[in-house]
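Trainee: Submitted below is the structure of interest, expressed as structure tokens.
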Amino acid sequence: MKFVLIGGCCLNLFSDLHAQNPAVLQTVSPYSRFGIGEFQMNGAMINSGMGGGGIGIRNDSLIPQYFNFSNPSSLTSNSFVSYEISLLSNTVQLSNTTQKGTFNRTTLGNFSLAFPVTKWWGAGFGLVPYSSVGYNVSTPDTVAGVGPVTYKYEGSGGVNEVFLSNGFRPFAGAPRHYLLSTKYENLRAAGDTSRIKKQTRCRNNLANISIGVQTSYLFGTLNNVRRDVFPTDSLLFNTKITKRTVFHDAYLNYGIQYSFRFRKSLNPLYVNMADSSVTSRKFFHNQFTYLQNHKSDTAKIFIHYPGIRVSFGMVFSLPTQISVANDWLGQTYKQIGTIEQFRDTVLNKSEIPSQVTIPAMYGLGFALKKDYKWMFQADYMTQMWSQASAGNVNYGLKNSQRITAGFQLQPKQNGRGKYMSAVQYRLGVRYYQTSLELHNTRLTENSVNFGMSFPVPYRTKLSEPVSRATVNFEYGFRGTTQQDLIREDFFRVTVGFTINDRWFSHYKYD
């Protein structure tokens, strides 16, 4: 209950900061002027440390465990409660061919809680920023018969996301039900091991399938202001048009995962011995017998390391109409120093209902994992932003593409060996072809990530350190100084804290 209360406090604080001082949560990117702003790729700590991906990542029985934001179906692999909170500090340098400027913003990275409900059902909820707007740009021009004019554009605000995720294993009980079925008993009585093997393998494969759904609620406000300023003609009034868009609607994401483990390998020292023989008997497990000098020994028949676990994942969402409310205010004014002296209101409309189209999204990914030692993941994701619109007006964007890859290494198991050997080291890269094309130039983003997750000597009833303090570093750049565009070099630092625990368990005494 105390962690639910903490989550509510974080949500209230997040909303209050947004309402009282939107600049706290704003980006400084001039490219956030387009669409619904700059999308925040704030995932869980394990996602942000491995390039931002994780569609195929699953937990296993070893701790620590994490909430994987990239695919809701991965929640079926969480056997412990996992709660996490993080902060993000983003330093950005904007530059063109003549000028440079550096800015910093610190925001909430995420707050999340994941927990197992049953052996076949996992759930979780969280709070993350979805998109941010923060720009202040101007464009000089000349109007025939009027003279010089400066168009000024300003934006602020952001959209936040509260989500509830659920993952299910619909065929989790298939292997057990088969062993208890009449069909299995009849095949066993007939000695038909071939059909038993085939049907068992089919049900085991079905049991490894997980599906998930994430329900997200978007809320927040975007403020966009346009000014037409006539700097030299004192007889002309400047104009100011303010648009305020309030988001308040839900949409769904879906996911699916399939995982399996490579079979164990026979120990070559035993297989290659001239006077040895290895016989195999396989029903539901690989059962081998090693014979040497008429003596049986199965102690070292396998190389005693579990096989590599492989998991494939897919996520997608359908086009969704998000309900918004628009406020319009048009005014004329004179600029006296830094004061805008308004003369007339030419437009004033409030709470005009409209819709913003969030287009379809598709993503594929896979992960390879060797117990606690190492993990590799790679993703590809695309979203059809060419179909995005506000009302009946298309945003004029392009379809985006994102490719990520990441690697995690942990030399030693928790509590064994030197402290630094139990640290998880992460390295990731990301290539992102954004939805923007300006001056016939497609904007792309490239970044590299490095992170470390440190064990914290906090112990719960699991009887070993289960907490992790994580720090992730990311450097990247977006855009170019060519074609009168702006290049953004950013350096992001994310600091988070993750705790695993077992809830709703009862102690037993002998």
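Quick note on naming: the chains in the structure tokens go A, B, ... in the order shown, residues restart at 1 in each chain, and ligands are numbered from 1 in order of appearance.
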Tell me, as a VMD selection string, which residues lie within 7 Å of range 398-409 of chain A, counting only C-alpha atoms; anything in the same chain fewer than 2 positions away does not count.

Mentor: chain A and resid 50 to 53 373 to 386 396 411 424 to 436

Trainee: Name the residues of range 102-338 of chain A that come out as strand (DSSP E) in a backbone DSSP run; write them as an MDAnalysis selection string.

Mentor: chainID A and resid 102:118 121:132 135:143 147:168 209:229 238:261 276:282 286:292 295:296 309:317 320:336

Trainee: Smallest atom-to-atom distance to Phe491 in chain A: which of A:Val225, A:Glu340, A:Ser73, A:Leu88, using only C-alpha atoms?

Mentor: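 When distances to Phe491 in chain A are compared using only C-alpha atoms, the smallest one comes from A:Leu88.
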
Trainee: Just the residues within 6 Å of Tyr475 in chain A, please, counting only C-alpha atoms, with nothing from its chain fewer than 3 positions along; format it as a CSV table (one decimal) with C-alpha atoms, in the first residue's frame.

Mentor:
```csv
chain,number,residue,atom,x,y,z
A,447,SER,CA,23.0,7.9,-30.2
A,448,VAL,CA,25.2,5.6,-28.1
A,490,PHE,CA,22.5,16.0,-26.5
A,491,PHE,CA,23.9,14.4,-23.4
```
